[in-house]
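Peer 1: Please find coords.pdb (PDB, C-alpha atoms, pLDDT in the B column) on the next line:
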ATOM      1  CA  MET X1417     132.375  83.535 -50.363  1.00 44.00           C
ATOM      2  CA  LYS X1418     132.533  86.586 -48.066  1.00 42.00           C
ATOM      3  CA  LYS X1419     131.770  84.381 -45.082  1.00 43.00           C
ATOM      4  CA  PHE X1420     134.552  81.999 -46.146  1.00 37.00           C
ATOM      5  CA  LEU X1421     137.070  84.843 -46.488  1.00 36.00           C
ATOM      6  CA  LEU X1422     136.058  86.170 -43.078  1.00 36.00           C
ATOM      7  CA  VAL X1423     136.691  82.744 -41.547  1.00 40.00           C
ATOM      8  CA  LEU X1424     140.087  82.547 -43.281  1.00 40.00           C
ATOM      9  CA  SER X1425     140.982  86.012 -42.042  1.00 41.00           C
ATOM     10  CA  PHE X1426     140.085  85.058 -38.472  1.00 42.00           C
ATOM     11  CA  ALA X1427     142.076  81.840 -38.748  1.00 44.00           C
ATOM     12  CA  ALA X1428     145.100  83.725 -40.068  1.00 44.00           C
ATOM     13  CA  THR X1429     144.888  86.073 -37.081  1.00 42.00           C
ATOM     14  CA  CYS X1430     144.834  83.078 -34.741  1.00 44.00           C
ATOM     15  CA  VAL X1431     147.894  81.653 -36.466  1.00 43.00           C
ATOM     16  CA  LEU X1432     149.776  84.956 -36.252  1.00 43.00           C
ATOM     17  CA  ASN X1433     149.159  85.134 -32.521  1.00 42.00           C
ATOM     18  CA  THR X1434     150.521  81.655 -31.962  1.00 44.00           C
ATOM     19  CA  ASN X1435     154.029  80.845 -30.778  1.00 47.00           C
ATOM     20  CA  ALA X1436     156.279  80.225 -33.798  1.00 44.00           C
ATOM     21  CA  GLN X1437     156.816  76.603 -32.823  1.00 52.00           C
ATOM     22  CA  GLU X1438     153.086  76.046 -32.719  1.00 83.00           C
ATOM     23  CA  VAL X1439     152.186  77.279 -36.209  1.00 91.00           C
ATOM     24  CA  TYR X1440     152.065  73.840 -37.809  1.00 91.00           C
ATOM     25  CA  LYS X1441     149.957  72.401 -34.979  1.00 93.00           C
ATOM     26  CA  GLU X1442     147.560  75.355 -35.007  1.00 94.00           C
ATOM     27  CA  ILE X1443     147.008  75.245 -38.776  1.00 94.00           C
ATOM     28  CA  LEU X1444     146.527  71.476 -38.592  1.00 95.00           C
ATOM     29  CA  ASN X1445     144.040  71.829 -35.735  1.00 95.00           C
ATOM     30  CA  ILE X1446     142.024  74.561 -37.478  1.00 96.00           C
ATOM     31  CA  SER X1447     142.036  72.621 -40.741  1.00 96.00           C
ATOM     32  CA  GLU X1448     140.998  69.317 -39.151  1.00 97.00           C
ATOM     33  CA  LYS X1449     138.096  71.019 -37.380  1.00 97.00           C
ATOM     34  CA  ALA X1450     136.951  72.675 -40.623  1.00 96.00           C
ATOM     35  CA  ALA X1451     137.321  69.456 -42.628  1.00 97.00           C
ATOM     36  CA  ASN X1452     135.149  67.555 -40.147  1.00 97.00           C
ATOM     37  CA  ASP X1453     132.542  70.282 -39.558  1.00 97.00           C
ATOM     38  CA  LYS X1454     129.402  69.126 -41.362  1.00 96.00           C
ATOM     39  CA  THR X1455     127.853  72.585 -40.923  1.00 96.00           C
ATOM     40  CA  LYS X1456     130.445  74.063 -43.306  1.00 96.00           C
ATOM     41  CA  ASP X1457     129.899  74.022 -47.058  1.00 95.00           C
ATOM     42  CA  ILE X1458     131.556  71.236 -49.026  1.00 96.00           C
ATOM     43  CA  GLU X1459     134.155  73.492 -50.718  1.00 96.00           C
ATOM     44  CA  THR X1460     135.387  74.818 -47.375  1.00 96.00           C
ATOM     45  CA  ARG X1461     135.687  71.248 -46.106  1.00 97.00           C
ATOM     46  CA  LYS X1462     137.551  70.150 -49.241  1.00 97.00           C
ATOM     47  CA  ILE X1463     140.034  73.021 -48.931  1.00 97.00           C
ATOM     48  CA  ALA X1464     140.572  72.138 -45.283  1.00 97.00           C
ATOM     49  CA  THR X1465     141.063  68.485 -46.261  1.00 97.00           C
ATOM     50  CA  PHE X1466     143.797  69.513 -48.681  1.00 97.00           C
ATOM     51  CA  LYS X1467     145.518  71.462 -45.905  1.00 97.00           C
ATOM     52  CA  VAL X1468     145.352  68.493 -43.534  1.00 97.00           C
ATOM     53  CA  ASP X1469     146.698  66.111 -46.154  1.00 97.00           C
ATOM     54  CA  GLU X1470     149.452  68.543 -47.128  1.00 97.00           C
ATOM     55  CA  LEU X1471     150.563  69.138 -43.550  1.00 96.00           C
ATOM     56  CA  LYS X1472     150.685  65.428 -42.788  1.00 96.00           C
ATOM     57  CA  TYR X1473     152.574  64.738 -46.026  1.00 97.00           C
ATOM     58  CA  MET X1474     155.013  67.552 -45.227  1.00 95.00           C
ATOM     59  CA  VAL X1475     155.873  66.142 -41.802  1.00 93.00           C
ATOM     60  CA  MET X1476     156.070  62.564 -43.072  1.00 94.00           C
ATOM     61  CA  LYS X1477     158.497  63.464 -45.888  1.00 95.00           C
ATOM     62  CA  THR X1478     160.523  65.806 -43.675  1.00 92.00           C
ATOM     63  CA  ARG X1479     161.027  63.069 -41.076  1.00 89.00           C
ATOM     64  CA  GLU X1480     161.885  60.566 -43.803  1.00 92.00           C
ATOM     65  CA  LEU X1481     164.248  62.691 -45.916  1.00 91.00           C
ATOM     66  CA  MET X1482     165.410  65.487 -43.618  1.00 88.00           C
ATOM     67  CA  PRO X1483     165.338  64.172 -40.050  1.00 85.00           C
ATOM     68  CA  ASP X1484     167.497  67.056 -38.788  1.00 85.00           C
ATOM     69  CA  THR X1485     165.040  69.701 -39.997  1.00 81.00           C
ATOM     70  CA  THR X1486     163.942  72.055 -37.240  1.00 80.00           C
ATOM     71  CA  VAL X1487     160.355  72.685 -36.208  1.00 81.00           C
ATOM     72  CA  ASN X1488     160.840  76.281 -37.338  1.00 89.00           C
ATOM     73  CA  VAL X1489     161.374  75.158 -40.952  1.00 92.00           C
ATOM     74  CA  ILE X1490     158.159  73.128 -40.888  1.00 93.00           C
ATOM     75  CA  ASP X1491     156.293  76.029 -39.292  1.00 93.00           C
ATOM     76  CA  ARG X1492     157.487  78.429 -42.005  1.00 95.00           C
ATOM     77  CA  GLN X1493     156.446  76.001 -44.734  1.00 96.00           C
ATOM     78  CA  ALA X1494     153.074  75.412 -43.068  1.00 96.00           C
ATOM     79  CA  TYR X1495     152.394  79.121 -42.780  1.00 96.00           C
ATOM     80  CA  ALA X1496     153.489  79.741 -46.384  1.00 97.00           C
ATOM     81  CA  MET X1497     151.080  76.990 -47.528  1.00 98.00           C
ATOM     82  CA  TYR X1498     148.293  78.574 -45.499  1.00 96.00           C
ATOM     83  CA  ASP X1499     149.115  81.985 -46.967  1.00 97.00           C
ATOM     84  CA  PHE X1500     149.343  80.512 -50.492  1.00 98.00           C
ATOM     85  CA  ILE X1501     145.870  78.986 -50.272  1.00 97.00           C
ATOM     86  CA  ASN X1502     144.360  82.115 -48.727  1.00 96.00           C
ATOM     87  CA  LEU X1503     145.827  84.278 -51.505  1.00 98.00           C
ATOM     88  CA  TYR X1504     144.611  81.789 -54.108  1.00 98.00           C
ATOM     89  CA  MET X1505     141.071  81.859 -52.728  1.00 97.00           C
ATOM     90  CA  LYS X1506     141.124  85.657 -52.558  1.00 97.00           C
ATOM     91  CA  LYS X1507     142.295  86.003 -56.165  1.00 97.00           C
ATOM     92  CA  LEU X1508     139.867  83.336 -57.356  1.00 96.00           C
ATOM     93  CA  GLY X1509     137.032  85.230 -55.651  1.00 95.00           C
ATOM     94  CA  GLU X1510     138.117  88.502 -57.297  1.00 96.00           C
ATOM     95  CA  ALA X1511     138.224  86.949 -60.776  1.00 95.00           C
ATOM     96  CA  LYS X1512     134.955  87.796 -62.488  1.00 93.00           C
ATOM     97  CA  THR X1513     135.239  85.742 -65.665  1.00 94.00           C
ATOM     98  CA  LYS X1514     135.947  82.070 -66.294  1.00 95.00           C
ATOM     99  CA  LYS X1515     139.025  83.090 -68.262  1.00 94.00           C
ATOM    100  CA  ASN X1516     140.420  85.065 -65.308  1.00 94.00           C
ATOM    101  CA  LYS X1517     139.588  82.234 -62.906  1.00 95.00           C
ATOM    102  CA  ASP X1518     141.497  79.852 -65.190  1.00 96.00           C
ATOM    103  CA  VAL X1519     144.473  82.250 -65.237  1.00 97.00           C
ATOM    104  CA  VAL X1520     144.486  82.388 -61.412  1.00 97.00           C
ATOM    105  CA  LEU X1521     144.257  78.595 -61.157  1.00 97.00           C
ATOM    106  CA  ASP X1522     147.087  78.180 -63.670  1.00 97.00           C
ATOM    107  CA  ILE X1523     149.360  80.658 -61.839  1.00 98.00           C
ATOM    108  CA  PHE X1524     148.954  78.903 -58.505  1.00 98.00           C
ATOM    109  CA  LYS X1525     149.006  75.356 -59.861  1.00 98.00           C
ATOM    110  CA  THR X1526     152.166  76.098 -61.853  1.00 98.00           C
ATOM    111  CA  ALA X1527     153.836  77.706 -58.835  1.00 98.00           C
ATOM    112  CA  SER X1528     153.056  74.622 -56.775  1.00 98.00           C
ATOM    113  CA  VAL X1529     154.306  72.133 -59.367  1.00 98.00           C
ATOM    114  CA  GLN X1530     157.444  74.091 -60.301  1.00 98.00           C
ATOM    115  CA  ASN X1531     158.667  74.376 -56.708  1.00 98.00           C
ATOM    116  CA  PRO X1532     159.044  70.877 -55.282  1.00 98.00           C
ATOM    117  CA  TRP X1533     160.523  70.520 -51.810  1.00 97.00           C
ATOM    118  CA  PHE X1534     161.272  66.799 -51.671  1.00 97.00           C
ATOM    119  CA  ASN X1535     161.458  65.880 -55.385  1.00 96.00           C
ATOM    120  CA  ASP X1536     159.108  63.001 -54.626  1.00 96.00           C
ATOM    121  CA  MET X1537     158.741  60.745 -57.667  1.00 96.00           C
ATOM    122  CA  ASP X1538     155.455  59.227 -56.467  1.00 96.00           C
ATOM    123  CA  LEU X1539     153.384  61.357 -58.843  1.00 96.00           C
ATOM    124  CA  GLU X1540     150.207  59.446 -58.119  1.00 96.00           C
ATOM    125  CA  LEU X1541     150.436  60.697 -54.540  1.00 96.00           C
ATOM    126  CA  VAL X1542     151.885  64.185 -54.970  1.00 97.00           C
ATOM    127  CA  GLU X1543     149.575  65.052 -57.878  1.00 97.00           C
ATOM    128  CA  SER X1544     146.465  63.481 -56.366  1.00 97.00           C
ATOM    129  CA  TYR X1545     144.743  66.855 -55.902  1.00 97.00           C
ATOM    130  CA  ILE X1546     145.762  68.062 -59.348  1.00 96.00           C
ATOM    131  CA  ARG X1547     144.234  64.965 -60.948  1.00 95.00           C
ATOM    132  CA  ASN X1548     141.021  65.030 -58.891  1.00 93.00           C
ATOM    133  CA  GLU X1549     138.347  67.108 -60.628  1.00 91.00           C
ATOM    134  CA  GLY X1550     136.399  67.417 -57.371  1.00 90.00           C
ATOM    135  CA  TYR X1551     138.868  69.835 -55.754  1.00 93.00           C
ATOM    136  CA  ILE X1552     139.688  73.472 -56.490  1.00 94.00           C
ATOM    137  CA  THR X1553     143.030  73.097 -54.697  1.00 96.00           C
ATOM    138  CA  LYS X1554     144.855  71.721 -57.743  1.00 97.00           C
ATOM    139  CA  PHE X1555     148.251  71.782 -56.083  1.00 98.00           C
ATOM    140  CA  SER X1556     151.097  69.332 -55.639  1.00 98.00           C
ATOM    141  CA  LEU X1557     151.639  67.950 -52.157  1.00 98.00           C
ATOM    142  CA  ASP X1558     155.392  68.108 -52.856  1.00 98.00           C
ATOM    143  CA  THR X1559     155.710  71.895 -52.781  1.00 98.00           C
ATOM    144  CA  ASN X1560     158.177  74.312 -51.275  1.00 98.00           C
ATOM    145  CA  TRP X1561     155.443  76.732 -50.240  1.00 98.00           C
ATOM    146  CA  ILE X1562     157.799  79.606 -49.504  1.00 98.00           C
ATOM    147  CA  LYS X1563     159.108  79.559 -53.075  1.00 98.00           C
ATOM    148  CA  ALA X1564     155.675  78.822 -54.529  1.00 98.00           C
ATOM    149  CA  ILE X1565     154.010  81.848 -52.954  1.00 98.00           C
ATOM    150  CA  GLU X1566     156.844  84.089 -54.121  1.00 98.00           C
ATOM    151  CA  GLN X1567     156.396  82.808 -57.673  1.00 98.00           C
ATOM    152  CA  ALA X1568     152.603  83.182 -57.516  1.00 98.00           C
ATOM    153  CA  ARG X1569     152.868  86.786 -56.298  1.00 98.00           C
ATOM    154  CA  THR X1570     155.362  87.631 -59.048  1.00 98.00           C
ATOM    155  CA  GLU X1571     153.097  86.104 -61.727  1.00 97.00           C
ATOM    156  CA  LEU X1572     150.029  87.864 -60.338  1.00 97.00           C
ATOM    157  CA  ARG X1573     151.843  91.223 -60.569  1.00 96.00           C
ATOM    158  CA  LYS X1574     152.935  90.473 -64.161  1.00 96.00           C
ATOM    159  CA  LYS X1575     149.333  89.712 -65.127  1.00 93.00           C
ATOM    160  CA  GLY X1576     147.949  92.717 -63.278  1.00 91.00           C
ATOM    161  CA  LEU X1577     145.987  90.577 -60.876  1.00 90.00           C
TER     162      LEU X1577
END
Take the structure in the file and give it back as structure tokens.
Peer 2:
Amino acid sequence: MKKFLLVLSFAATCVLNTNAQEVYKEILNISEKAANDKTKDIETRKIATFKVDELKYMVMKTRELMPDTTVNVIDRQAYAMYDFINLYMKKLGEAKTKKNKDVVLDIFKTASVQNPWFNDMDLELVESYIRNEGYITKFSLDTNWIKAIEQARTELRKKGL
């Protein structure tokens, strides 16, 4: 877990040093490499796969529903998603009991579900990670990540986490 957090920290530093218009591309590139790297553990690859799927969904829906959206908006959403998942993994790693891990999962899952960006009614698609028991990233693809991370941080403070 420490190795995983170190990798995430390094990746976040790379993203912060990237031109604002390149955030989405950089996160996608890092995530695709991690998802395809057979030397990484399966959980790291699954988390990276979620990120790749989310980023591709985000761009697809933005082009379809909001064609005038600027790259900056997508970059901010991409970075917020990246930050959301990093915070989730950090808090999950800090939780020592199954009960606390369940509380962390519920806070982040709820924040994701309660903050849709596109109001996509294709629940089979947008809830595919929530419904799949094989993933710890139980989040909706249709998420406004900026609002979701704000909600998650507020709930974590309320619960003393």
Peer 1: Separation of atom CA of X:Thr1460 and atom CA of X:Asn1531, in Å?
Peer 2: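 For atom CA of X:Thr1460 relative to atom CA of X:Asn1531, the distance reads 25.1 Å.
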Peer 1: Considering only C-alpha atoms, return as a ChimeraX atom specification whatever protein or nucleic-acid residues lie within 9 Å of X:Met1497, sequence-local ones (same chain, fewer than 2 positions apart) excluded.
Peer 2: /X:1467,1470-1471,1492-1495,1499-1502,1559-1562,1564-1565
Peer 1: Take the residues just selected and output them with C-alpha atoms as a PDB file, in the coordinates of the input.
Peer 2:
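That gives us out.pdb:
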ATOM      1  CA  LYS X1467     145.518  71.462 -45.905  1.00 97.00           C
ATOM      2  CA  GLU X1470     149.452  68.543 -47.128  1.00 97.00           C
ATOM      3  CA  LEU X1471     150.563  69.138 -43.550  1.00 96.00           C
ATOM      4  CA  ARG X1492     157.487  78.429 -42.005  1.00 95.00           C
ATOM      5  CA  GLN X1493     156.446  76.001 -44.734  1.00 96.00           C
ATOM      6  CA  ALA X1494     153.074  75.412 -43.068  1.00 96.00           C
ATOM      7  CA  TYR X1495     152.394  79.121 -42.780  1.00 96.00           C
ATOM      8  CA  ASP X1499     149.115  81.985 -46.967  1.00 97.00           C
ATOM      9  CA  PHE X1500     149.343  80.512 -50.492  1.00 98.00           C
ATOM     10  CA  ILE X1501     145.870  78.986 -50.272  1.00 97.00           C
ATOM     11  CA  ASN X1502     144.360  82.115 -48.727  1.00 96.00           C
ATOM     12  CA  THR X1559     155.710  71.895 -52.781  1.00 98.00           C
ATOM     13  CA  ASN X1560     158.177  74.312 -51.275  1.00 98.00           C
ATOM     14  CA  TRP X1561     155.443  76.732 -50.240  1.00 98.00           C
ATOM     15  CA  ILE X1562     157.799  79.606 -49.504  1.00 98.00           C
ATOM     16  CA  ALA X1564     155.675  78.822 -54.529  1.00 98.00           C
ATOM     17  CA  ILE X1565     154.010  81.848 -52.954  1.00 98.00           C
TER      18      ILE X1565
END
Peer 1: As a check of understanding, name the residues that the PyMOL selection byres ((chain X and resi 1490) around 12) selects in the supplied structure, as a ChimeraX atom specification.
Peer 2: /X:1436-1441,1443-1444,1470-1479,1482-1489,1491-1497,1533,1560-1562
Peer 1: Since I can't run it myself right now, could you work out what the PyMOL selection byres ((chain X and resi 1572) around 12) selects here and report it as a list in words?
Peer 2: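 Expected selection for the PyMOL selection byres ((chain X and resi 1572) around 12) here is Leu1503, Tyr1504, Lys1507, Leu1508, Ala1511, Asn1516, Val1519, Val1520, Leu1521, Asp1522, Ile1523, Phe1524, Ala1527, Ile1565, Glu1566, Gln1567, Ala1568, Arg1569, Thr1570, Glu1571, Arg1573, Lys1574, Lys1575, Gly1576 and Leu1577 of chain X.
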Peer 1: If you take every atom of stretch 1462-1469 of chain X that the file lists and fit an axis-aligned box around them with 3 Å extra on each side, what centre and edge lengths come out in Å to one decimal, as lines of an AutoDock Vina configuration file?
Peer 2:
center_x = 142.1
center_y = 69.6
center_z = -46.4
size_x = 15.1
size_y = 12.9
size_z = 11.7
Peer 1: Written as a compact mmCIF listing (two decimals) with C-alpha atoms, in the coordinates of the input, which residues does the PyMOL selection byres ((chain X and resi 1550) around 12) give for the file shown?
Peer 2:
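Written out: expr_9.txt:
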# COMPACT_ATOMS: atom_id res chain seq x y z
CA ILE X 1458 131.56 71.24 -49.03
CA GLU X 1459 134.16 73.49 -50.72
CA ARG X 1461 135.69 71.25 -46.11
CA LYS X 1462 137.55 70.15 -49.24
CA ILE X 1463 140.03 73.02 -48.93
CA PHE X 1466 143.80 69.51 -48.68
CA SER X 1544 146.46 63.48 -56.37
CA TYR X 1545 144.74 66.86 -55.90
CA ILE X 1546 145.76 68.06 -59.35
CA ARG X 1547 144.23 64.96 -60.95
CA ASN X 1548 141.02 65.03 -58.89
CA GLU X 1549 138.35 67.11 -60.63
CA TYR X 1551 138.87 69.83 -55.75
CA ILE X 1552 139.69 73.47 -56.49
CA THR X 1553 143.03 73.10 -54.70
CA LYS X 1554 144.85 71.72 -57.74
Peer 1: Between X:Met1505, X:Leu1541, X:Val1468, X:Ala1451, which one has atoms that come closest to X:Asp1558, using all atoms listed in the file?
Peer 2: X:Leu1541
Peer 1: Go through X:Ala1464, X:Asp1457, X:Thr1526, X:Ser1556 one by one, measure the shortest atom-to-atom distance of each to X:Asn1445 using only C-alpha atoms, and give the residue with the smallest value.
Peer 2: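 Nearest candidate to X:Asn1445 out of X:Ala1464, X:Asp1457, X:Thr1526, X:Ser1556: X:Ala1464.
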Peer 1: Quick check, in Å to one decimal: how far apart do atom CA of X:Ser1528 and atom CA of X:Phe1555 lie?
Peer 2: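 Separation of atom CA of X:Ser1528 and atom CA of X:Phe1555: 5.6 Å.
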Peer 1: So how many Å separate atom CA of X:Tyr1498 and atom CA of X:Glu1442, to one decimal?
Peer 2: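 Straight-line distance from atom CA of X:Tyr1498 to atom CA of X:Glu1442 works out to 11.0 Å.
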Peer 1: Counting all atoms listed in the file, which of X:Asn1535, X:Ser1447, X:Lys1514, X:Leu1481 gets nearest to X:Thr1465?
Peer 2: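 Ranking X:Asn1535, X:Ser1447, X:Lys1514, X:Leu1481 by distance to X:Thr1465, first place goes to X:Ser1447.
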Peer 1: Which residue gives the smallest distance to X:Glu1480 among X:Lys1517, X:Glu1448, X:Leu1557, X:Asp1536, with all atoms listed in the file counted?
Peer 2: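 That would be X:Asp1536, the residue with the smallest distance to X:Glu1480.
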